[in-house]
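Shown below: my_file-v8.txt, with compact mmCIF, C-alpha atoms.
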# COMPACT_ATOMS: atom_id res chain seq x y z
CA MET A 666 -3.32 61.15 -46.72
CA LYS A 667 -3.55 58.25 -49.16
CA LEU A 668 -5.91 55.30 -48.69
CA ALA A 669 -5.84 52.16 -50.86
CA LEU A 670 -8.87 49.90 -51.08
CA MET A 671 -7.26 46.50 -51.71
CA GLY A 672 -9.86 44.00 -52.84
CA GLU A 673 -13.44 43.89 -54.04
CA ALA A 674 -15.01 44.33 -50.60
CA GLY A 675 -13.46 47.75 -50.12
CA ILE A 676 -14.30 48.84 -53.65
CA ALA A 677 -17.93 47.71 -53.32
CA ASN A 678 -18.34 49.58 -50.04
CA ARG A 679 -16.48 52.77 -50.98
CA SER A 680 -19.61 54.95 -50.91
CA ARG A 681 -20.60 53.55 -47.52
CA LEU A 682 -17.11 54.28 -46.18
CA GLU A 683 -17.05 57.82 -47.57
CA ARG A 684 -20.44 58.51 -46.00
CA HIS A 685 -19.02 57.77 -42.55
CA LEU A 686 -15.57 59.39 -42.93
CA ALA A 687 -14.98 62.72 -41.19
CA SER A 688 -11.35 63.08 -42.40
CA ASN A 689 -10.05 63.71 -45.90
CA TRP A 690 -8.38 60.84 -47.76
CA ASP A 691 -7.10 60.50 -51.31
CA ILE A 692 -8.66 57.10 -52.18
CA ASP A 693 -7.52 54.67 -54.87
CA GLU A 694 -8.62 51.10 -55.61
CA TRP A 695 -7.08 47.77 -56.55
CA ALA A 696 -8.60 44.45 -57.61
CA PRO A 697 -6.67 41.45 -58.98
CA ASN A 698 -7.61 42.26 -62.58
CA HIS A 699 -5.75 45.59 -62.18
CA GLY A 700 -2.45 43.68 -62.05
CA ASP A 701 0.28 43.26 -59.44
CA GLY A 702 2.11 46.36 -60.67
CA LYS A 703 -0.66 48.67 -59.56
CA ALA A 704 -0.87 46.85 -56.23
CA ARG A 705 2.84 47.45 -55.61
CA ALA A 706 2.50 51.13 -56.48
CA LEU A 707 -0.48 51.64 -54.17
CA LEU A 708 1.18 49.82 -51.30
CA ALA A 709 4.33 51.91 -51.68
CA GLY A 710 2.48 55.21 -51.43
CA ALA A 711 -0.39 54.44 -49.07
CA ASP A 712 -0.72 55.78 -45.54
CA ALA A 713 -3.52 53.28 -44.90
CA ILE A 714 -4.99 50.31 -46.69
CA ILE A 715 -8.27 48.47 -46.28
CA CYS A 716 -7.45 44.87 -46.98
CA ALA A 717 -9.82 41.98 -47.68
CA ARG A 718 -9.68 38.80 -49.72
CA ALA A 719 -9.26 39.63 -53.39
CA GLY A 720 -9.86 36.63 -55.62
CA LYS A 721 -7.09 34.15 -54.79
CA TYR A 722 -5.23 36.73 -52.66
CA ARG A 723 -5.64 36.73 -48.89
CA PRO A 724 -4.61 39.91 -47.02
CA GLY A 725 -1.17 38.51 -46.17
CA GLU A 726 -0.53 37.70 -49.82
CA ILE A 727 -1.58 41.21 -50.82
CA LEU A 728 0.88 42.71 -48.35
CA ARG A 729 3.69 40.52 -49.70
CA LEU A 730 3.24 42.05 -53.16
CA ASN A 731 5.41 44.95 -51.96
CA SER A 732 7.68 45.09 -48.91
CA ASP A 733 8.43 48.79 -49.49
CA THR A 734 5.57 50.22 -47.44
CA LYS A 735 7.44 52.72 -45.28
CA ASN A 736 4.55 55.23 -45.29
CA LEU A 737 2.00 52.70 -44.06
CA LYS A 738 0.36 53.59 -40.75
CA LEU A 739 -2.73 51.36 -40.81
CA VAL A 740 -3.70 48.00 -42.26
CA GLN A 741 -7.44 47.75 -41.72
CA LEU A 742 -9.15 44.38 -42.15
CA THR A 743 -12.85 44.01 -42.92
CA SER A 744 -13.00 40.77 -40.89
CA VAL A 745 -12.41 40.07 -37.22
CA GLY A 746 -10.00 37.18 -37.84
CA TYR A 747 -6.31 37.73 -38.60
CA ASP A 748 -4.79 34.30 -37.96
CA TRP A 749 -2.93 34.40 -41.31
CA LEU A 750 -1.03 37.61 -40.39
CA THR A 751 2.08 38.10 -38.25
CA PRO A 752 3.77 41.23 -36.85
CA GLY A 753 6.72 40.92 -39.23
CA MET A 754 4.48 41.72 -42.20
CA PHE A 755 4.10 45.37 -41.17
CA PRO A 756 6.61 48.21 -41.09
CA LYS A 757 7.56 49.80 -37.79
CA GLY A 758 4.86 52.23 -36.72
CA CYS A 759 2.11 50.48 -38.70
CA VAL A 760 -0.91 49.12 -36.86
CA LEU A 761 -3.21 46.25 -37.84
CA ALA A 762 -6.89 46.76 -36.94
CA ASN A 763 -9.66 44.23 -37.38
CA GLY A 764 -13.33 44.64 -38.23
CA THR A 765 -16.19 44.83 -35.74
CA GLY A 766 -19.94 45.35 -35.76
CA HIS A 767 -20.95 41.72 -36.28
CA GLU A 768 -21.54 40.67 -32.66
CA ALA A 769 -25.34 41.09 -32.52
CA PRO A 770 -26.20 39.08 -35.66
CA MET A 771 -23.78 36.32 -34.70
CA ALA A 772 -25.40 36.08 -31.28
CA GLU A 773 -28.86 35.98 -32.86
CA PHE A 774 -27.66 33.26 -35.23
CA ALA A 775 -26.35 31.24 -32.28
CA LEU A 776 -29.63 31.42 -30.37
CA ALA A 777 -31.68 30.73 -33.50
CA ALA A 778 -29.57 27.63 -34.19
CA LEU A 779 -29.96 26.38 -30.61
CA LEU A 780 -33.71 26.87 -30.79
CA GLU A 781 -33.94 25.13 -34.17
CA TRP A 782 -31.97 22.21 -32.76
CA GLU A 783 -34.40 21.84 -29.87
CA ILE A 784 -37.73 22.79 -31.46
CA LYS A 785 -37.14 21.62 -35.05
CA LEU A 786 -39.45 24.10 -36.74
CA SER A 787 -38.15 23.14 -40.18
CA LYS A 788 -38.96 19.45 -39.61
CA TYR A 789 -42.58 20.07 -38.69
CA ASP A 790 -43.07 22.71 -41.37
CA ALA A 791 -41.85 20.18 -43.95
CA GLY A 792 -44.16 17.51 -42.54
CA LEU A 793 -47.32 19.58 -42.78
CA ARG A 794 -46.48 20.56 -46.34
CA GLN A 795 -46.92 16.88 -47.38
CA PRO A 796 -49.29 16.85 -45.27
CA LYS A 797 -47.91 14.73 -42.48
CA TRP A 798 -49.33 15.39 -39.04
CA PRO A 799 -47.08 14.67 -36.06
CA ARG A 800 -47.55 11.31 -34.42
CA GLY A 801 -50.34 11.43 -31.83
CA MET A 802 -52.59 14.08 -33.33
CA GLY A 803 -55.18 11.38 -34.10
CA GLY A 804 -55.17 10.10 -30.54
CA GLU A 805 -53.55 6.73 -31.31
CA ALA A 806 -50.26 7.53 -29.51
CA PRO A 807 -48.74 10.19 -27.28
CA LEU A 808 -47.97 13.42 -29.10
CA GLU A 809 -44.30 14.02 -29.84
CA THR A 810 -42.62 16.64 -27.68
CA HIS A 811 -39.91 19.04 -28.74
CA GLY A 812 -36.93 20.22 -26.74
CA ALA A 813 -36.15 23.56 -25.07
CA VAL A 814 -33.04 25.56 -24.27
CA HIS A 815 -34.55 26.62 -20.92
CA GLY A 816 -32.45 25.28 -18.07
CA LYS A 817 -29.67 23.94 -20.31
CA THR A 818 -26.01 24.85 -19.77
CA LEU A 819 -24.27 26.82 -22.51
CA GLY A 820 -20.47 26.69 -22.53
CA LEU A 821 -18.43 29.37 -24.29
CA LEU A 822 -14.85 28.83 -25.45
CA GLY A 823 -13.48 32.37 -25.65
CA PHE A 824 -15.11 35.38 -24.05
CA GLY A 825 -14.80 38.38 -26.33
CA ASN A 826 -17.46 40.59 -27.86
CA ILE A 827 -19.24 37.76 -29.67
CA SER A 828 -19.46 35.55 -26.59
CA ARG A 829 -20.66 38.44 -24.43
CA ALA A 830 -23.48 39.09 -26.89
CA ILE A 831 -24.40 35.39 -26.93
CA ALA A 832 -24.31 35.18 -23.13
CA ARG A 833 -26.76 38.06 -22.70
CA ARG A 834 -29.26 36.49 -25.07
CA ALA A 835 -28.86 33.00 -23.64
CA HIS A 836 -29.46 34.38 -20.15
CA ALA A 837 -32.74 35.89 -21.36
CA PHE A 838 -33.82 32.34 -22.30
CA GLU A 839 -32.96 31.27 -18.72
CA MET A 840 -29.98 29.20 -19.75
CA ARG A 841 -27.05 28.66 -17.43
CA VAL A 842 -23.97 30.21 -19.08
CA ILE A 843 -20.35 29.29 -18.31
CA GLY A 844 -17.07 29.88 -20.14
CA VAL A 845 -13.29 29.83 -20.36
CA ALA A 846 -11.00 32.53 -21.75
CA ARG A 847 -7.26 33.11 -22.16
CA THR A 848 -7.24 36.14 -19.86
CA PRO A 849 -8.12 35.63 -16.18
CA ARG A 850 -10.80 37.96 -14.79
CA ASP A 851 -10.85 39.29 -11.24
CA LYS A 852 -14.54 38.39 -11.00
CA THR A 853 -17.07 36.51 -13.09
CA PRO A 854 -18.80 38.92 -15.48
CA ALA A 855 -22.58 38.94 -15.55
CA PRO A 856 -24.55 36.97 -16.58
CA LEU A 857 -22.15 34.01 -16.42
CA ASP A 858 -22.37 31.40 -13.69
CA TRP A 859 -18.57 31.09 -13.84
CA LEU A 860 -15.72 32.11 -16.15
CA GLY A 861 -12.40 30.33 -15.90
CA THR A 862 -9.23 29.91 -17.93
CA MET A 863 -8.01 26.96 -19.96
CA LYS A 864 -7.16 25.11 -16.76
CA ASP A 865 -10.94 24.84 -16.35
CA PHE A 866 -11.46 23.47 -19.87
CA GLY A 867 -12.26 19.98 -18.64
CA ARG A 868 -14.95 21.35 -16.34
CA LEU A 869 -16.42 23.33 -19.22
CA LEU A 870 -16.64 20.18 -21.34
CA ALA A 871 -18.22 18.12 -18.56
CA GLU A 872 -20.92 20.67 -17.72
CA SER A 873 -21.94 22.00 -21.16
CA ASP A 874 -25.08 20.85 -22.96
CA TYR A 875 -24.03 23.16 -25.76
CA LEU A 876 -20.44 24.22 -26.45
CA ILE A 877 -19.98 27.30 -28.65
CA LEU A 878 -16.53 28.05 -30.06
CA ALA A 879 -15.91 31.80 -30.37
CA CYS A 880 -12.14 31.92 -29.93
CA ASP A 881 -9.19 33.01 -32.04
CA LEU A 882 -7.37 30.59 -34.27
CA ASN A 883 -3.76 30.52 -33.09
CA ASP A 884 -1.06 28.02 -32.15
CA GLU A 885 -2.88 27.13 -28.94
CA THR A 886 -6.35 26.66 -30.44
CA ARG A 887 -5.54 25.05 -33.81
CA GLY A 888 -6.83 21.47 -33.56
CA LEU A 889 -7.74 22.02 -29.90
CA ILE A 890 -11.00 20.11 -30.25
CA ASP A 891 -9.98 16.54 -31.05
CA MET A 892 -11.47 13.13 -30.32
CA ASN A 893 -10.12 13.18 -26.76
CA VAL A 894 -12.07 16.41 -26.18
CA PHE A 895 -15.23 15.00 -27.75
CA ARG A 896 -15.04 11.98 -25.44
CA LYS A 897 -14.96 14.32 -22.42
CA MET A 898 -18.21 15.99 -23.47
CA LYS A 899 -21.67 14.73 -22.64
CA ASP A 900 -22.93 12.25 -25.22
CA SER A 901 -26.03 14.48 -25.41
CA ALA A 902 -23.96 17.62 -26.09
CA VAL A 903 -23.98 19.72 -29.27
CA ILE A 904 -20.98 21.71 -30.51
CA MET A 905 -21.30 24.97 -32.48
CA ASN A 906 -18.35 26.49 -34.33
CA LEU A 907 -18.42 30.25 -34.93
CA ALA A 908 -14.61 30.56 -34.70
CA ARG A 909 -12.51 28.98 -37.46
CA GLY A 910 -12.92 25.50 -38.87
CA GLU A 911 -9.39 24.54 -37.89
CA VAL A 912 -10.13 24.94 -34.17
CA ILE A 913 -11.78 21.52 -34.50
CA GLU A 914 -9.71 18.66 -35.91
CA GLU A 915 -11.57 17.87 -39.13
CA LYS A 916 -11.64 14.07 -39.05
CA ALA A 917 -12.38 14.03 -35.33
CA LEU A 918 -15.46 16.20 -35.88
CA TYR A 919 -16.75 13.92 -38.62
CA ASP A 920 -16.07 10.76 -36.62
CA ALA A 921 -17.57 12.19 -33.41
CA LEU A 922 -20.81 13.02 -35.24
CA LYS A 923 -20.97 9.82 -37.28
CA GLU A 924 -20.25 7.61 -34.28
CA LYS A 925 -22.60 9.66 -32.02
CA VAL A 926 -19.82 10.40 -29.54
CA ILE A 927 -21.75 13.68 -29.13
CA ALA A 928 -25.33 14.33 -30.15
CA GLY A 929 -24.71 16.85 -32.89
CA GLY A 930 -23.03 19.85 -34.43
CA ILE A 931 -23.96 23.29 -35.72
CA ILE A 932 -21.13 24.32 -38.02
CA ASP A 933 -20.83 27.74 -39.68
CA THR A 934 -17.05 27.82 -40.24
CA TRP A 935 -15.39 25.21 -42.42
CA TYR A 936 -12.23 23.75 -43.91
CA ASP A 937 -12.66 24.35 -47.64
CA TYR A 938 -13.97 27.51 -49.29
CA PRO A 939 -14.33 28.73 -52.87
CA MET A 940 -10.98 29.83 -54.34
CA ARG A 941 -9.08 28.67 -51.24
CA PRO A 942 -7.13 25.51 -52.14
CA ARG A 943 -5.58 23.13 -49.69
CA PRO A 944 -1.80 22.73 -50.09
CA GLY A 945 -1.20 21.14 -53.47
CA GLY A 946 -4.86 21.45 -54.40
CA THR A 947 -6.54 23.27 -57.25
CA LEU A 948 -8.84 26.27 -57.15
CA ASP A 949 -12.51 25.31 -57.00
CA MET A 950 -15.36 27.80 -57.17
CA ASN A 951 -17.84 25.43 -55.55
CA PRO A 952 -16.11 22.90 -53.28
CA ARG A 953 -17.67 20.82 -50.55
CA PRO A 954 -16.90 22.48 -47.21
CA SER A 955 -14.86 19.45 -46.13
CA ILE A 956 -13.20 16.38 -47.60
CA TYR A 957 -15.51 14.37 -45.31
CA PRO A 958 -19.21 13.84 -46.21
CA PHE A 959 -20.79 15.87 -43.43
CA HIS A 960 -23.76 16.43 -45.76
CA GLU A 961 -24.69 12.76 -45.36
CA LEU A 962 -25.07 13.05 -41.58
CA GLY A 963 -28.44 13.66 -39.95
CA ASN A 964 -27.13 15.20 -36.73
CA ILE A 965 -25.58 18.38 -38.09
CA ILE A 966 -26.83 21.82 -39.12
CA MET A 967 -24.55 23.16 -41.88
CA THR A 968 -24.41 26.87 -42.76
CA PRO A 969 -22.07 28.71 -45.18
CA HIS A 970 -20.07 30.98 -42.82
CA PHE A 971 -22.85 33.54 -42.85
CA SER A 972 -23.69 34.12 -39.19
CA ALA A 973 -22.46 37.74 -39.34
CA LEU A 974 -23.95 38.66 -42.72
CA THR A 975 -26.62 41.27 -42.15
CA GLU A 976 -27.04 44.69 -43.69
CA GLY A 977 -26.84 46.32 -40.25
CA ALA A 978 -23.60 44.52 -39.40
CA ASP A 979 -22.07 45.61 -42.70
CA ASP A 980 -22.91 49.24 -42.04
CA ARG A 981 -21.55 49.11 -38.47
CA ARG A 982 -18.36 47.50 -39.80
CA TRP A 983 -17.74 50.33 -42.25
CA GLN A 984 -18.69 52.95 -39.68
CA ASN A 985 -16.06 51.50 -37.35
CA ILE A 986 -13.49 51.36 -40.16
CA ALA A 987 -14.16 55.02 -40.92
CA ARG A 988 -13.68 55.84 -37.24
CA ASN A 989 -10.30 54.09 -37.27
CA LEU A 990 -9.23 56.09 -40.33
CA ASP A 991 -10.31 59.32 -38.65
CA LEU A 992 -8.20 58.42 -35.62
CA VAL A 993 -5.15 57.68 -37.78
CA ALA A 994 -5.63 61.00 -39.58
CA ARG A 995 -5.40 62.71 -36.17
CA GLY A 996 -2.31 60.71 -35.21
CA GLU A 997 -4.20 58.50 -32.75
CA ARG A 998 -4.39 54.72 -32.37
CA PRO A 999 -7.41 52.90 -33.89
CA THR A 1000 -9.86 51.52 -31.35
CA THR A 1001 -9.66 47.99 -32.81
CA ALA A 1002 -5.85 47.82 -33.08
CA VAL A 1003 -4.63 44.25 -32.52
CA MET A 1004 -1.05 44.16 -33.83
CA ASP A 1005 1.82 46.35 -34.92
CA GLY A 1006 5.11 45.74 -36.68
CA THR A 1007 6.65 43.94 -33.72
CA ARG A 1008 3.94 42.37 -31.55
CA GLU A 1009 0.30 41.84 -30.69
CA ILE A 1010 -0.74 44.98 -28.85
CA GLY A 1011 -4.04 44.00 -27.31
CA ARG A 1012 -7.28 42.23 -27.94
CA PRO A 1013 -10.04 44.85 -27.85
CA SER A 1014 -12.15 43.04 -30.43
CA LYS A 1015 -10.83 39.50 -30.38
CA ASN A 1016 -12.63 36.61 -28.79
CA GLY A 1017 -10.83 35.60 -25.63

Can I see the file as structure tokens?
Amino acid sequence: MKLALMGEAGIANRSRLERHLASNWDIDEWAPNHGDGKARALLAGADAIICARAGKYRPGEILRLNSDTKNLKLVQLTSVGYDWLTPGMFPKGCVLANGTGHEAPMAEFALAALLEWEIKLSKYDAGLRQPKWPRGMGGEAPLETHGAVHGKTLGLLGFGNISRAIARRAHAFEMRVIGVARTPRDKTPAPLDWLGTMKDFGRLLAESDYLILACDLNDETRGLIDMNVFRKMKDSAVIMNLARGEVIEEKALYDALKEKVIAGGIIDTWYDYPMRPRPGGTLDMNPRPSIYPFHELGNIIMTPHFSALTEGADDRRWQNIARNLDLVARGERPTTAVMDGTREIGRPSKNG
């Protein structure tokens, strides 16, 4: 069977993939500098492709290079998100599978960010490097105290693999954990205090000291968090986005932080990225993450969409991709299948 590695991520990880594969595949590679002609040829003959961003090409744009993909049985993404893809992009009988293996590092990132927000290790490290002892060490005033996550309520929007991993770790810090998800559950899964659906969204906002977004980006969630939502949160609340930037309305986020409608934000997913222009914009290799000056605000922690980037997560991702290819080689469905040529077929690895 023929496998095409479409994009630099697949090419760079070819040896890692081959180490995990148990089935035999005839593997070829494509990067943008190889030209669109080679891409069309590989797509026409491939039984499976591993598809990631390739320069200016997103996976959907790669697939549109050739509509004659009648042999295609699997489109395998290296990422968990697939909001830019629709069932009509795949031939009948072809399955889209997303990437997994990133849940543990993302959960560790989330807890580390919460702890940094409360304890402010970086602030006091920077002070002592001047040196600048905290107020009160000389006895002239009470010593400053730092915060704690203990006893705080953590709200989760979406309850997939990432949120489950966060919930377990938050529970170990004796936080109260609550959440809402698209799919109703017969009972509240441990260790949550309660898990509702979007009809309970208002309750989630009212009770959460921290609100973590770990949901899909789709028609229902795009722009879901707007100024009306921010005004329903506690003014002491902090929002963390591990989903997609567009789940939060961009200007509303900036205004809510600048005007202190909420206490702060921890943002890992953004609106502008290198080589990803806005409509009518130009390609920029080093853009600001937003058209708004979030970098001027003092109540935000900004990170470059790197919560999942660990060596262990990368290896698990390619191990899971290899497992999906082995299943396809045996005529079986991949374990992380999320869509086929006509519909979404399940959400085994999505967040919600």

**Asked** Which residue, A:Ser955, A:Ser688, A:Thr765, A:Thr734, has the smallest gap to Lys916 in chain A when you use all atoms listed in the file?
**Response** A:Ser955

**Message:** My list of candidates is A:Ile986, A:Leu822, A:Phe838, A:Val760. Which is closest to Leu670 in chain A when distances are computed with all atoms listed in the file?
**Reply:** A:Ile986

**Prompt:** From the set A:Gly812, A:Pro944, A:Gly758, A:Pro770, which residue has the shortest atom-to-atom contact distance to Ile784 in chain A, counting all atoms listed in the file?
**Reply:**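 Closest to Ile784 in chain A, using all atoms listed in the file: A:Gly812.
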
**Asked** How many Å separate CA of Asn689 in chain A from CA of Lys667 in chain A?
**Response** 9.1 Å

**Message:** Restricting the calculation to all atoms listed in the file: of A:Gly816, A:Leu992, A:Thr1001, A:Glu809, which residue gets closest to Leu686 in chain A?
**Reply:** A:Leu992

**Item:** For Ile913 in chain A, the nearest of the candidates A:Asp979, A:Glu683, A:Asp701, A:Asp891, counting only C-alpha atoms
**Value:**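 When distances to Ile913 in chain A are compared using only C-alpha atoms, the smallest one comes from A:Asp891.
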
**Request:** Skip Met666 in chain A itself and residues of its chain fewer than 5 positions away, then list as JSON, numbers by chain all residues within 10 Å of it, counting all atoms listed in the file.
**Result:** {"A": [688, 689, 690, 691, 692, 710, 711, 712, 713, 736, 993, 994]}

**Message:** Using Å and a single decimal, report how far CA of Ile877 in chain A sits from CA of Leu742 in chain A.
**Reply:**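 CA of Ile877 in chain A lies at a distance of 24.3 Å from CA of Leu742 in chain A.
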
**Request:** Identify, on the basis of only C-alpha atoms, every residue whose closest approach to Gly820 in chain A does not exceed 10 Å; exclude the query and any residue fewer than 3 positions from it along the same chain; express the result as a list in words.
**Result:**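 In the requested format, the answer is Lys817, Gly823, Ser828, Ala832, Arg841, Val842, Ile843, Gly844, Val845, Leu857, Trp859, Leu860, Phe866, Arg868, Leu869, Leu870, Ala871, Glu872, Ser873, Asp874, Tyr875, Leu876, Ile877, Leu878 and Ile904 of chain A.
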
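Atom pair CA of Pro697 in chain A / CA of Ala717 in chain A has a distance of 11.7 Å (rounded to one decimal).
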
**Request:** Identify, on the basis of all atoms listed in the file, every residue whose closest approach to Ile676 in chain A does not exceed 10 Å; exclude the query and any residue fewer than 3 positions from it along the same chain; express the result as a list in words.
**Result:**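 Contacts, with the query itself left out: Ala669, Leu670, Met671, Gly672, Glu673, Arg679, Ser680, Arg681, Leu682, Asp693, Glu694, Trp695, Ala696 and Ile715 of chain A.
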
**Message:** I need the residue nearest Asp748 in chain A from this list: A:Thr886, A:Thr853, A:Thr968, A:Thr848. Use only C-alpha atoms for the distance.
**Reply:**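 Once distances to Asp748 in chain A are computed over only C-alpha atoms, the minimum belongs to A:Thr886.
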
List as a compact mmCIF listing (two decimals) with C-alpha atoms, in the frame of the given file the residues having at least one atom at most 7 Å from position (-15.9, 25.0, -51.7) as given in the file, counting all atoms listed in the file.
# COMPACT_ATOMS: atom_id res chain seq x y z
CA ASP A 937 -12.66 24.35 -47.64
CA TYR A 938 -13.97 27.51 -49.29
CA PRO A 939 -14.33 28.73 -52.87
CA ASP A 949 -12.51 25.31 -57.00
CA MET A 950 -15.36 27.80 -57.17
CA ASN A 951 -17.84 25.43 -55.55
CA PRO A 952 -16.11 22.90 -53.28
CA ARG A 953 -17.67 20.82 -50.55
CA PRO A 954 -16.90 22.48 -47.21
